[in-house]
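Reviewing the structure listed below.
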Amino acid sequence: MNRLFASLCLASLCFETLSGCSSGARQSAVDAGRALFDSKALSPSHLNAYACASCHDADPLSPASKKAGAPLAGVTLRPQFWGGQVADLLGAVNACRNYFMLANDPLTASDHDAQALYAYLESLEPGDPAAAPFHVVTSIEDVPRGNAPSGQILFAEACTLCHGDMHHGSGRLGDAVPILPEDTIREHAEFTPRVQRLIFIEKMRHGRFLGYGGVMPPFSSDVLSDPDVSDLLEALGMLGE
Ligand code: HEC
Ligand code: HEC
């Protein structure tokens with residue numbers, strides 16, 4: 001399917017010339033794909049606040065990322081996706097559009113947008129062609145106390161893009177995204193501080209999955225380690241007491 005996606009894209013990109021792709025046509029497809037990647041346009045839902053770039057870095061030169069999704073440079077060469085749960089690239093993209101961006105209709109390989117997106121992702125080769133690790137922490141347990149200054153830095157790297165600044169929410173993606181930690185504490189006021197701490201851990205680890213709902217992505221242990229989670233909770237003041 002991955003190869004089918006690729007060959008259909010190439011066939012269509014080359015339709016203007018008989019002897020291979022014109023570099024102008026290819027470049028404009030790459031540019032169109034980059035614009036799609038950086039915009040909300042790949043979902044028609046008015047509830048969607050995300051671009052692909054909200055959760056994925058594309059630039060192979062970007063430093064170690066704290067975005068929940070894998071860096072996508074090299075993704076066209078990878079053997080499998082979503083930690084082995086998805087076998088084809090277009091299926092992996094449609095999973096994100098469906099789960100997070102609330103798009104009901106999958107893109108197909110003949111869609112113009114899918115072809116532009118593929119051209120862009122292919123332009124990022126070789127990047128990292130190895131399957132990206134994605135270890136989901138399934139059982140939620142409390143973590144030891146951490147370091148607040150490190151947690152402040154991690155919050156800026158992993159949470160601010162969606163939630164805005166801690167305590168203020170300035171710059172958050174929209175009103176549906178809670179200001180941390182206050183909105184969440186208020187929302188779960190009936191629980192003890194210990195349970196509220198576990199809610200934060202569960203949300204970071206599972207996002208919208210495993211019965212939680214919403215549109216937040218899960219952070220695997222490859223992106224956020226348990227010590228990172230400890231530091232984040234410390235910075236948020238979610239000490240469980
Ligand atoms: C809200 C966050 C979020 C958004 C928005 C999002 N993704 Fe993802 N994406 C993820 C997560 C989490 C995974 C699973 C971990 C992984 O494999 O990267 C994933 C996986 C993927 C994978 C598989 C990567 C691999 O190597 O396993 C691809 C490809 C992908 N996304 C493309 C896209 C594209 C293209 C868009 C925009 C249409 C998009 N994603 C939007 C979070 C997101
Ligand atoms: C890609 C965007 C995105 C990122 C990055 C993100 N979140 Fe969220 N988060 C959301 C959205 C949207 C919601 C509200 C909808 C939902 O619950 O999924 C949310 C909800 C939450 C909630 C509320 C859960 C509840 O039931 O009230 C907590 C807690 C939370 N996020 C913590 C974090 C922390 C901590 C980080 C950083 C490690 C983080 N989030 C990173 C998008 C994001």
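A note on labels: chains of the structure tokens are A, B, ... as shown, every chain counts residues from 1, and ligands are counted from 1 in their shown order.
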
Taking only C-alpha atoms and all ligand atoms into account, which residues have an atom no farther than 7 Å from ligand 2? I'd like them as a PDB file with C-alpha atoms, in the first residue's frame.
```pdb
ATOM      1  CA  SER A  54       1.366  20.777  15.703  1.00  0.00           C
ATOM      2  CA  CYS A  55       2.548  17.241  16.494  1.00  0.00           C
ATOM      3  CA  LYS A  67       6.345  16.696  19.906  1.00  0.00           C
ATOM      4  CA  ALA A  68       4.118  13.654  20.474  1.00  0.00           C
ATOM      5  CA  PHE A 155       6.395  22.260  29.538  1.00  0.00           C
ATOM      6  CA  ALA A 158       5.977  19.655  24.960  1.00  0.00           C
ATOM      7  CA  CYS A 159       2.799  21.425  26.094  1.00  0.00           C
ATOM      8  CA  THR A 160       2.852  25.167  25.318  1.00  0.00           C
ATOM      9  CA  LEU A 161       2.252  24.835  21.597  1.00  0.00           C
ATOM     10  CA  CYS A 162      -1.293  23.627  22.372  1.00  0.00           C
ATOM     11  CA  HIS A 163      -1.984  24.730  25.954  1.00  0.00           C
ATOM     12  CA  ALA A 176     -11.367  24.131  24.035  1.00  0.00           C
ATOM     13  CA  VAL A 177      -7.778  23.611  25.189  1.00  0.00           C
ATOM     14  CA  PRO A 178      -7.579  23.833  29.003  1.00  0.00           C
ATOM     15  CA  LEU A 180      -2.945  24.113  32.861  1.00  0.00           C
ATOM     16  CA  PRO A 181      -3.227  23.253  35.589  1.00  0.00           C
ATOM     17  CA  THR A 184      -8.164  20.743  34.845  1.00  0.00           C
ATOM     18  CA  GLU A 187     -12.891  20.243  36.047  1.00  0.00           C
ATOM     19  CA  HIS A 188     -11.913  17.429  38.415  1.00  0.00           C
ATOM     20  CA  ILE A 199      -5.291  12.255  35.834  1.00  0.00           C
ATOM     21  CA  PHE A 200      -2.401  14.407  34.599  1.00  0.00           C
ATOM     22  CA  LYS A 203      -3.656  12.316  30.035  1.00  0.00           C
ATOM     23  CA  MET A 204       0.026  12.717  29.135  1.00  0.00           C
ATOM     24  CA  GLY A 207      -4.076  11.449  25.242  1.00  0.00           C
ATOM     25  CA  ARG A 208      -7.462  10.616  23.745  1.00  0.00           C
ATOM     26  CA  GLY A 213     -11.587  10.872  24.802  1.00  0.00           C
ATOM     27  CA  GLY A 214     -10.731  14.303  23.417  1.00  0.00           C
ATOM     28  CA  VAL A 215      -8.139  15.078  20.776  1.00  0.00           C
ATOM     29  CA  MET A 216      -4.863  15.243  22.709  1.00  0.00           C
ATOM     30  CA  PRO A 217      -2.054  12.969  21.439  1.00  0.00           C
ATOM     31  CA  LEU A 232       6.405  18.272  34.581  1.00  0.00           C
TER      32      LEU A 232
END
```

*Taking only C-alpha atoms and all ligand atoms into account, report as number ranges by chain which residues have an atom no farther than 6 Å from an atom of ligand 1.*
A: 37, 42, 50-52, 54-55, 68-70, 75, 81-83, 89, 92-93, 96-97, 100-101, 131-132, 134, 216-218

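Atom CA of A:Ala73 sits 4.4 Å away from atom CA of A:Gly127.
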
*Picked from stretch 92-156 of chain A by DSSP as helix (DSSP H, G or I), as number ranges by chain*: A: 92-99, 112-123, 148-156

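You can rank A:His56, A:Arg197, A:Arg34, A:Arg205 by their closest distance to A:Arg145 using only C-alpha atoms, and at the top of that list sits A:Arg197.
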
*Selection near A:Ala235, 6 Å with only C-alpha atoms, sequence-local residues under 6 positions removed, as a list of chain:residue names*: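 Selected residues are A:Ala148, A:Gly151, A:Gln152.
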
*What's the 12 Å shell around A:Thr192, counting only C-alpha atoms, without same-chain residues fewer than 6 positions away, as a PyMOL selection string?*
chain A and resi 185-186+198-199+238-241

_Proximity to A:Asp57 - best of A:Ala114, A:Ala87, A:Leu72, A:Ile201, only C-alpha atoms_ = A:Leu72

*asked:* What does the structure give for the distance between atom CA of A:Ala119 and atom CA of A:Ala29, in Å to one decimal?
replied: 6.1 Å

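Between atom CA of A:Leu47 and atom CA of A:Arg172 there is a distance of 14.7 Å.
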
_Between A:Ile179, A:Leu154, A:Met166, A:Val30, which residue has the minimum interatomic distance to A:Asp228, considering only C-alpha atoms?_
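Ranked by minimum distance to A:Asp228, first place goes to A:Leu154.
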
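Shortest separation to A:Asp88 among A:Ile153, A:Ala53, A:Leu102, A:Ala109 occurs at residue A:Ala109, atoms counted being only C-alpha atoms.
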
_Nearest to A:Thr108 by atom-to-atom distance, counting only C-alpha atoms, from A:Ala130, A:Val195, A:Leu90, A:Leu233_ =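 Closest to A:Thr108 of all the choices is A:Leu90.
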
*Closest to A:Ser65 among A:Pro149, A:Tyr120, A:Glu157, A:Val86, using only C-alpha atoms?*
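Using only C-alpha atoms, A:Ser65 sits closest to A:Glu157.
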
Neighbouring residues of A:His135 were defined as those with any atom within 7 Å, considering only C-alpha atoms; residues of the same chain fewer than 5 positions away were excluded. Please report them as a CSV table (one decimal) with C-alpha atoms, in the first residue's frame.
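Generated file (selection38.csv):
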```
chain,number,residue,atom,x,y,z
A,220,SER,CA,5.2,7.7,24.5
A,221,SER,CA,8.0,6.9,26.9
A,222,ASP,CA,10.3,7.6,23.9
```
